[in-house]
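As structure tokens, the structure follows; a few thoughts come after it.
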Amino acid sequence: MPVLSNDSVNVTPLTSRTTMTLDEIREKLAHLPPQLATHTGGWASTNNAESNMGFADVAPPISEPEPLEADGYLPRMIRKRYYY
């Protein structure tokens, strides 16, 4: 896990078990994007190219969680970020 240098940032790893496939999970998360107008939290990618980090009351970039294939060390997974 990456080193976090700010005491106000916490990361909690978790494991969940489901009968859904990763593709089904990614599709479900893609249908739950963050909504700035209602300040409703949601899921998007971890792409920082058009990031809203460091800005108040700015919508996050429009994106979807990204599927990542297994690489021989890590298993197949979904890269995502929860906004708000």
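Residues are referred to by chain and number: the chain letter is A, B, ... according to the order shown in the structure tokens, the number counts from 1 in that chain, and ligands are numbered separately from 1 in the order shown.
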Which of chain A DSSP labels strand (DSSP E), written as a PyMOL selection string: chain A and resi 42-44+66-68+77-79+81-83
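With only C-alpha atoms taken into account, the protein and nucleic acid residues at most 12 Å from Ser16 in chain A (excluding it and anything under 4 positions from it in its own chain) are Met20, Leu22 and Ile25 of chain A.
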Kindly export the residues of the current selection with C-alpha atoms, as a JSON list (two decimals), in the first residue's frame.
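Okay, this is what ended up in selection-v4.json:
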```json
[["chain", "number", "residue", "atom", "x", "y", "z"],
["A", 20, "MET", "CA", -20.97, -10.96, -9.62],
["A", 22, "LEU", "CA", -15.62, -8.11, -12.29],
["A", 25, "ILE", "CA", -19.15, -4.89, -10.83]]
```
Pick from A:Ala59, A:Glu66, A:Leu14, A:Asp71 nearest to Tyr83 in chain A, counting only C-alpha atoms: A:Ala59
Shell around His31 in chain A at 9 Å using only C-alpha atoms, local window under 2 positions removed, as a ChimeraX atom specification: /A:26-29,33,42-43,64
Go ahead and write the selection's residues with C-alpha atoms as a PDB file, in the first residue's frame.
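Saved the output as part.pdb:
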```pdb
ATOM      1  CA  ARG A  26     -17.375  -2.400 -13.120  1.00  0.00           C
ATOM      2  CA  GLU A  27     -20.607  -1.854 -15.078  1.00  0.00           C
ATOM      3  CA  LYS A  28     -22.560  -1.218 -11.860  1.00  0.00           C
ATOM      4  CA  LEU A  29     -19.932   1.241 -10.574  1.00  0.00           C
ATOM      5  CA  PRO A  33     -20.823   8.439 -11.037  1.00  0.00           C
ATOM      6  CA  GLY A  42     -19.930   8.082  -6.851  1.00  0.00           C
ATOM      7  CA  TRP A  43     -17.286   6.103  -8.699  1.00  0.00           C
ATOM      8  CA  GLU A  64     -15.458   5.268 -15.536  1.00  0.00           C
TER       9      GLU A  64
END
```
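DSSP secondary structure from the backbone places A:Leu22, A:Asp23, A:Glu24, A:Ile25, A:Arg26, A:Glu27, A:Lys28, A:Leu29, A:Ala30 of chain A in alpha helix (DSSP H).
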Saved selection, atoms kept: C-alpha atoms, as a compact mmCIF listing (two decimals), in the first residue's frame:
```
# COMPACT_ATOMS: atom_id res chain seq x y z
CA LEU A 22 -15.62 -8.11 -12.29
CA ASP A 23 -17.23 -6.93 -15.52
CA GLU A 24 -20.64 -6.77 -13.79
CA ILE A 25 -19.15 -4.89 -10.83
CA ARG A 26 -17.38 -2.40 -13.12
CA GLU A 27 -20.61 -1.85 -15.08
CA LYS A 28 -22.56 -1.22 -11.86
CA LEU A 29 -19.93 1.24 -10.57
CA ALA A 30 -19.91 3.03 -13.97
```
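One distance worth recording is that between CA of Arg79 in chain A and CA of Asn47 in chain A, which is 9.4 Å.
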Length of the CA of Lys80 in chain A to CA of Ala44 in chain A vector [Å]: 5.7 Å
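Between CA of Arg17 in chain A and CA of Pro67 in chain A there is a distance of 17.9 Å.
The closest residue to Tyr82 in chain A, picked from A:Met53, A:Gly41, A:Ser63, A:Ala70 and counting only C-alpha atoms, is A:Gly41.
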